[in-house]
file start-v6.csv (CSV, C-alpha atoms)
chain,number,residue,atom,x,y,z
M,895,MET,CA,0.0,0.0,0.0
M,896,SER,CA,1.4,3.5,-0.9
M,897,ASP,CA,1.0,6.4,1.5
M,898,ASN,CA,-1.4,8.0,-1.0
M,899,PRO,CA,-5.1,7.0,-0.4
M,900,VAL,CA,-6.1,8.2,-3.9
M,901,ILE,CA,-3.5,6.0,-5.6
M,902,ASP,CA,-4.5,3.1,-3.4
M,903,ARG,CA,-8.2,3.6,-4.4
M,904,ILE,CA,-7.2,3.8,-8.1
M,905,LYS,CA,-5.2,0.6,-7.8
M,906,SER,CA,-8.0,-1.3,-6.0
M,907,GLU,CA,-10.6,-0.2,-8.5
M,908,ILE,CA,-8.5,-1.3,-11.5
M,909,ASP,CA,-7.5,-4.5,-9.8
M,910,GLU,CA,-11.1,-5.5,-8.7
M,911,ASN,CA,-12.8,-4.6,-11.9
M,912,SER,CA,-11.7,-5.9,-15.3
M,913,VAL,CA,-12.8,-2.9,-17.3
M,914,VAL,CA,-12.8,0.5,-15.6
M,915,LEU,CA,-13.6,3.9,-17.2
M,916,PHE,CA,-12.6,7.0,-15.2
M,917,MET,CA,-15.0,9.5,-16.8
M,918,LYS,CA,-16.9,12.7,-16.3
M,919,GLY,CA,-20.3,11.8,-15.2
M,920,ASN,CA,-21.6,8.2,-15.2
M,921,PRO,CA,-22.4,5.7,-18.0
M,922,MET,CA,-26.1,6.6,-17.9
M,923,MET,CA,-25.3,10.4,-18.0
M,924,PRO,CA,-21.8,11.2,-19.3
M,925,GLN,CA,-21.0,14.9,-18.7
M,926,CYS,CA,-18.5,15.3,-21.6
M,927,GLY,CA,-18.5,14.4,-25.2
M,928,PHE,CA,-15.3,12.4,-24.9
M,929,SER,CA,-16.5,10.4,-21.9
M,930,ALA,CA,-19.8,9.8,-23.8
M,931,ALA,CA,-17.9,8.5,-26.9
M,932,VAL,CA,-16.0,5.9,-24.9
M,933,THR,CA,-19.1,4.9,-23.0
M,934,GLN,CA,-20.9,4.4,-26.3
M,935,VAL,CA,-18.1,2.2,-27.6
M,936,LEU,CA,-18.1,0.0,-24.6
M,937,THR,CA,-21.9,-0.2,-24.6
M,938,GLN,CA,-22.0,-1.1,-28.2
M,939,MET,CA,-19.5,-3.9,-27.6
M,940,GLU,CA,-21.7,-5.0,-24.7
M,941,VAL,CA,-18.7,-5.0,-22.4
M,942,LYS,CA,-19.3,-5.0,-18.7
M,943,PHE,CA,-17.5,-2.0,-17.2
M,944,LYS,CA,-17.4,0.2,-14.2
M,945,GLY,CA,-17.8,3.9,-14.8
M,946,ILE,CA,-16.2,6.1,-12.1
M,947,ASP,CA,-17.2,9.8,-12.1
M,948,VAL,CA,-14.1,11.9,-11.4
M,949,LEU,CA,-16.2,15.0,-11.2
M,950,ALA,CA,-17.5,13.7,-7.9
M,951,ASP,CA,-14.0,13.7,-6.4
M,952,GLU,CA,-11.5,16.4,-7.3
M,953,GLU,CA,-8.6,14.5,-5.6
M,954,LEU,CA,-9.4,11.4,-7.8
M,955,ARG,CA,-9.6,13.7,-10.9
M,956,GLN,CA,-6.1,14.9,-10.4
M,957,GLY,CA,-4.7,11.6,-8.9
M,958,ILE,CA,-5.7,9.6,-12.0
M,959,LYS,CA,-3.8,12.0,-14.2
M,960,GLU,CA,-0.7,11.5,-12.1
M,961,PHE,CA,-1.2,7.8,-11.8
M,962,SER,CA,-1.2,7.3,-15.6
M,963,SER,CA,0.8,10.4,-16.5
M,964,TRP,CA,-2.1,11.1,-18.9
M,965,PRO,CA,-3.4,14.7,-18.7
M,966,THR,CA,-7.0,14.2,-19.7
M,967,ILE,CA,-10.3,12.3,-18.9
M,968,PRO,CA,-11.7,9.8,-19.8
M,969,GLN,CA,-9.2,7.0,-19.1
M,970,LEU,CA,-9.9,3.4,-19.9
M,971,TYR,CA,-8.3,0.5,-17.9
M,972,VAL,CA,-8.5,-3.2,-18.8
M,973,LYS,CA,-7.3,-5.7,-16.3
M,974,GLY,CA,-5.3,-3.1,-14.5
M,975,GLU,CA,-3.6,-1.7,-17.6
M,976,PHE,CA,-4.1,1.8,-19.0
M,977,VAL,CA,-5.4,1.5,-22.6
M,978,GLY,CA,-5.9,5.1,-23.5
M,979,GLY,CA,-8.2,8.1,-23.7
M,980,CYS,CA,-10.9,8.8,-26.2
M,981,ASP,CA,-8.8,9.1,-29.3
M,982,ILE,CA,-6.9,5.9,-28.7
M,983,VAL,CA,-10.0,3.9,-27.7
M,984,ARG,CA,-11.9,5.1,-30.7
M,985,GLU,CA,-9.0,4.3,-33.1
M,986,MET,CA,-8.6,0.8,-31.5
M,987,TYR,CA,-12.4,0.2,-31.8
M,988,GLU,CA,-12.5,1.2,-35.4
M,989,ASN,CA,-9.6,-1.0,-36.4
M,990,GLY,CA,-10.6,-4.0,-34.3
M,991,GLU,CA,-7.7,-3.8,-31.9
M,992,LEU,CA,-10.0,-3.1,-28.9
M,993,LYS,CA,-12.1,-6.3,-29.5
M,994,GLU,CA,-8.8,-8.2,-29.8
M,995,LEU,CA,-7.5,-6.8,-26.6
M,996,LEU,CA,-10.7,-7.4,-24.7
M,997,ASP,CA,-10.8,-11.0,-25.9
M,998,ASP,CA,-7.1,-11.6,-25.1
M,999,LYS,CA,-7.7,-10.4,-21.6
M,1000,GLY,CA,-10.8,-12.5,-21.3
M,1001,VAL,CA,-13.2,-9.7,-20.1
M,1002,GLU,CA,-16.9,-10.4,-19.5
M,1003,TYR,CA,-19.6,-9.3,-21.9
M,1004,ALA,CA,-23.2,-8.6,-21.0
M,1005,SER,CA,-25.0,-12.0,-21.6
W,111,MET,CA,-8.0,30.4,-22.0
W,112,ALA,CA,-7.1,29.1,-25.4
W,113,MET,CA,-4.1,28.4,-27.6
W,114,GLU,CA,-3.0,29.3,-31.1
W,115,ALA,CA,-2.4,26.5,-33.6
W,116,ALA,CA,1.1,28.0,-34.2
W,117,ASP,CA,2.0,27.8,-30.5
W,118,ILE,CA,1.0,24.1,-30.4
W,119,GLU,CA,3.1,23.4,-33.5
W,120,ARG,CA,6.0,25.4,-32.1
W,121,LEU,CA,6.0,23.5,-28.8
W,122,ILE,CA,5.8,20.1,-30.4
W,123,LYS,CA,8.7,20.9,-32.8
W,124,GLU,CA,10.8,22.2,-29.9
W,125,SER,CA,10.6,18.8,-28.3
W,126,LEU,CA,10.4,16.7,-31.5
W,127,PRO,CA,12.6,18.7,-34.0
W,128,ASP,CA,11.9,16.3,-36.9
W,129,ALA,CA,8.2,16.3,-36.4
W,130,GLU,CA,5.8,16.9,-39.3
W,131,VAL,CA,2.8,18.5,-37.7
W,132,THR,CA,-0.6,19.4,-39.2
W,133,ILE,CA,-3.2,21.1,-37.0
W,134,GLU,CA,-6.9,21.6,-37.6
W,135,ASP,CA,-9.0,24.0,-35.5
W,136,LEU,CA,-12.1,22.0,-34.9
W,137,ARG,CA,-14.4,24.7,-33.6
W,138,GLY,CA,-12.5,28.0,-34.1
W,139,ASP,CA,-12.5,28.6,-30.3
W,140,GLY,CA,-8.8,27.9,-29.8
W,141,ASP,CA,-9.7,25.1,-27.4
W,142,HIS,CA,-10.5,22.1,-29.7
W,143,TYR,CA,-7.9,21.0,-32.2
W,144,ALA,CA,-7.0,17.9,-34.1
W,145,ALA,CA,-3.4,17.3,-34.8
W,146,THR,CA,-1.4,14.7,-36.7
W,147,VAL,CA,2.2,14.3,-35.7
W,148,VAL,CA,4.8,12.2,-37.6
W,149,SER,CA,8.2,11.8,-35.9
W,150,SER,CA,11.0,9.2,-35.8
W,151,ALA,CA,10.8,9.6,-32.0
W,152,PHE,CA,7.6,7.5,-32.1
W,153,ALA,CA,9.3,4.5,-33.7
W,154,GLY,CA,8.9,1.4,-31.5
W,155,LYS,CA,6.6,3.2,-29.1
W,156,THR,CA,3.0,2.3,-28.2
W,157,ARG,CA,0.2,4.8,-29.1
W,158,VAL,CA,0.0,5.8,-25.4
W,159,GLN,CA,3.7,6.5,-25.3
W,160,GLN,CA,3.6,8.4,-28.5
W,161,HIS,CA,0.7,10.6,-27.3
W,162,GLN,CA,2.5,11.1,-23.9
W,163,LEU,CA,5.5,12.5,-25.8
W,164,VAL,CA,3.3,15.1,-27.4
W,165,TYR,CA,1.6,15.9,-24.1
W,166,GLN,CA,5.1,16.4,-22.5
W,167,ALA,CA,6.0,18.7,-25.4
W,168,LEU,CA,3.0,20.8,-24.6
W,169,GLN,CA,4.4,21.3,-21.1
W,170,GLY,CA,1.3,20.9,-19.0
W,171,ARG,CA,-1.1,22.8,-21.3
W,172,MET,CA,-3.0,19.7,-22.3
W,173,GLY,CA,-6.1,19.5,-20.2
W,174,ASN,CA,-5.6,23.1,-19.0
W,175,GLU,CA,-5.4,25.9,-21.6
W,176,LEU,CA,-5.9,23.2,-24.3
W,177,HIS,CA,-9.2,21.4,-23.6
W,178,ALA,CA,-9.2,19.0,-26.5
W,179,LEU,CA,-6.5,17.8,-28.9
W,180,ALA,CA,-7.5,14.9,-31.1
W,181,LEU,CA,-4.2,13.2,-31.8
W,182,GLN,CA,-3.0,11.0,-34.6
W,183,THR,CA,0.6,10.0,-34.2
W,184,SER,CA,2.9,7.8,-36.2
W,185,ALA,CA,6.5,7.2,-37.1
W,186,PRO,CA,7.7,8.0,-40.6
W,187,ASP,CA,7.4,4.9,-43.0
W,188,GLY,CA,10.3,2.6,-42.6
W,189,ALA,CA,11.4,4.2,-39.3
call {"tool": "encode", "arguments": {"input": "start-v6.csv", "output": "structure tokens"}}
result
Amino acid sequence: MSDNPVIDRIKSEIDENSVVLFMKGNPMMPQCGFSAAVTQVLTQMEVKFKGIDVLADEELRQGIKEFSSWPTIPQLYVKGEFVGGCDIVREMYENGELKELLDDKGVEYAS
Amino acid sequence: MAMEAADIERLIKESLPDAEVTIEDLRGDGDHYAATVVSSAFAGKTRVQQHQLVYQALQGRMGNELHALALQTSAPDGA
């Protein structure tokens, strides 16, 4: 455990949930176009994922940027690994890489 | 707060001297741009690492003065 509770929380979220999207808003009501775009990709792929609203927790909003050294939100994690933000996820979705990654990692889909 | 396309290009080229940079102002508000960056520095790097190099070049402006930068990065062919 690190001495930073925010980092510990991030680690536990990405370890306990196979697919985690740190986003603005929640999957039902994204609060930003980029978060909405990634939510839509995951929903269309029927991937089970946990949306975490960084707008509800300013420390988390800054902590996640430091954790991944990635300056923007949303941020997608699969099996504990940072995959990318909106651009990268969209590009991977369009060229089939995202499906390949999710299948390789054995994530769950909505049945 | 906003940024000029020329400033974005200048900052990227300061860090990645060989970079070919094209920038498109998506909304004319100085806040939403799309950029393609080609540099040999990206060779052998993942997309995340490539984008991180561009964000580092922007010295903390990404997510602050610059709200959105849709990035396409690649190494030159054969690099």
call {"tool": "closest_atom_pairs", "arguments": {"input": "start-v6.csv", "of": "chain W", "to": "chain M", "cutoff": "8 Å", "atoms": "all atoms listed in the file", "output": "CSV"}}
result
residue,atom,partner,partner_atom,distance
W:Arg157,CA,M:Ile982,CA,7.2
W:Val158,CA,M:Gly978,CA,6.2
W:Gln162,CA,M:Trp964,CA,6.8
W:Tyr165,CA,M:Pro965,CA,7.5
W:Gly170,CA,M:Pro965,CA,7.8
W:Met172,CA,M:Pro965,CA,6.2
W:Gly173,CA,M:Thr966,CA,5.4
W:Ala180,CA,M:Asp981,CA,6.2
W:Leu181,CA,M:Asp981,CA,6.6
call {"tool": "closest_residue", "arguments": {"input": "start-v6.csv", "among": "W:Glu114, W:Glu134, W:Asp128, W:Asp187", "to": "Glu175 (chain W)", "atoms": "all atoms listed in the file"}}
result
W:Glu114
call {"tool": "residues_around", "arguments": {"input": "start-v6.csv", "residues": "Gln182 (chain W)", "least_positions_apart": "3", "cutoff": "10 Å", "atoms": "only C-alpha atoms", "output": "MDAnalysis selection string"}}
result
(chainID M and resid 981:982 985) or (chainID W and resid 131:132 144:148 157 160:161 179)
call {"tool": "atom_distance", "arguments": {"input": "start-v6.csv", "atom1": "CA of Asp139 (chain W)", "atom2": "CA of Phe152 (chain W)"}}
result
29.2 Å
call {"tool": "atom_distance", "arguments": {"input": "start-v6.csv", "atom1": "CA of Asp951 (chain M)", "atom2": "CA of Asp897 (chain M)"}}
result
18.5 Å
call {"tool": "atom_distance", "arguments": {"input": "start-v6.csv", "atom1": "CA of Ile118 (chain W)", "atom2": "CA of Gln166 (chain W)"}}
result
11.8 Å
call {"tool": "closest_residue", "arguments": {"input": "start-v6.csv", "among": "M:Val983, M:Ile901, M:Leu949, M:Val935", "to": "Gly919 (chain M)", "atoms": "all atoms listed in the file"}}
result
M:Leu949
call {"tool": "residues_around", "arguments": {"input": "start-v6.csv", "residues": "Met939 (chain M)", "least_positions_apart": "5", "cutoff": "12 Å", "atoms": "all atoms listed in the file", "output": "PyMOL selection string"}}
result
chain M and resi 932-934+987-988+990+992-994+996-997+1001-1005
call {"tool": "residues_around", "arguments": {"input": "start-v6.csv", "residues": "Val164 (chain W)", "least_positions_apart": "6", "cutoff": "9 Å", "atoms": "all atoms listed in the file", "output": "VMD selection string"}}
result
chain W and resid 121 to 122 125 to 126 147 181 183
call {"tool": "residues_around", "arguments": {"input": "start-v6.csv", "residues": "Asn898 (chain M)", "least_positions_apart": "3", "cutoff": "12 Å", "atoms": "all atoms listed in the file", "output": "count of residues only"}}
result
12
call {"tool": "residues_around", "arguments": {"input": "start-v6.csv", "residues": "Glu975 (chain M)", "least_positions_apart": "6", "cutoff": "10 Å", "atoms": "only C-alpha atoms", "output": "mmCIF file with C-alpha atoms, keeping the file's coordinate frame"}}
result
data_model
loop_
_atom_site.group_PDB
_atom_site.id
_atom_site.type_symbol
_atom_site.label_atom_id
_atom_site.label_comp_id
_atom_site.auth_asym_id
_atom_site.auth_seq_id
_atom_site.Cartn_x
_atom_site.Cartn_y
_atom_site.Cartn_z
ATOM 1 C CA ILE M 908 -8.500 -1.300 -11.500
ATOM 2 C CA ASP M 909 -7.500 -4.500 -9.800
ATOM 3 C CA SER M 912 -11.700 -5.900 -15.300
ATOM 4 C CA VAL M 913 -12.800 -2.900 -17.300
ATOM 5 C CA VAL M 914 -12.800 0.500 -15.600
ATOM 6 C CA SER M 962 -1.200 7.300 -15.600
#
call {"tool": "residues_near_point", "arguments": {"input": "start-v6.csv", "point": "(7.2, 9.7, -36.4)", "cutoff": "8 Å", "atoms": "all atoms listed in the file", "output": "short mmCIF file (atom, residue, chain, number, x, y, z; two decimals) with C-alpha atoms, keeping the file's coordinate frame"}}
result
data_model
loop_
_atom_site.label_atom_id
_atom_site.label_comp_id
_atom_site.auth_asym_id
_atom_site.auth_seq_id
_atom_site.Cartn_x
_atom_site.Cartn_y
_atom_site.Cartn_z
CA ALA W 129 8.20 16.30 -36.40
CA GLU W 130 5.80 16.90 -39.30
CA VAL W 147 2.20 14.30 -35.70
CA VAL W 148 4.80 12.20 -37.60
CA SER W 149 8.20 11.80 -35.90
CA SER W 150 11.00 9.20 -35.80
CA ALA W 151 10.80 9.60 -32.00
CA PHE W 152 7.60 7.50 -32.10
CA ALA W 153 9.30 4.50 -33.70
CA THR W 183 0.60 10.00 -34.20
CA SER W 184 2.90 7.80 -36.20
CA ALA W 185 6.50 7.20 -37.10
CA PRO W 186 7.70 8.00 -40.60
CA ALA W 189 11.40 4.20 -39.30
#
call {"tool": "closest_residue", "arguments": {"input": "start-v6.csv", "among": "W:Asp135, W:Arg171, W:His177, W:Leu163", "to": "Lys123 (chain W)", "atoms": "all atoms listed in the file"}}
result
W:Leu163
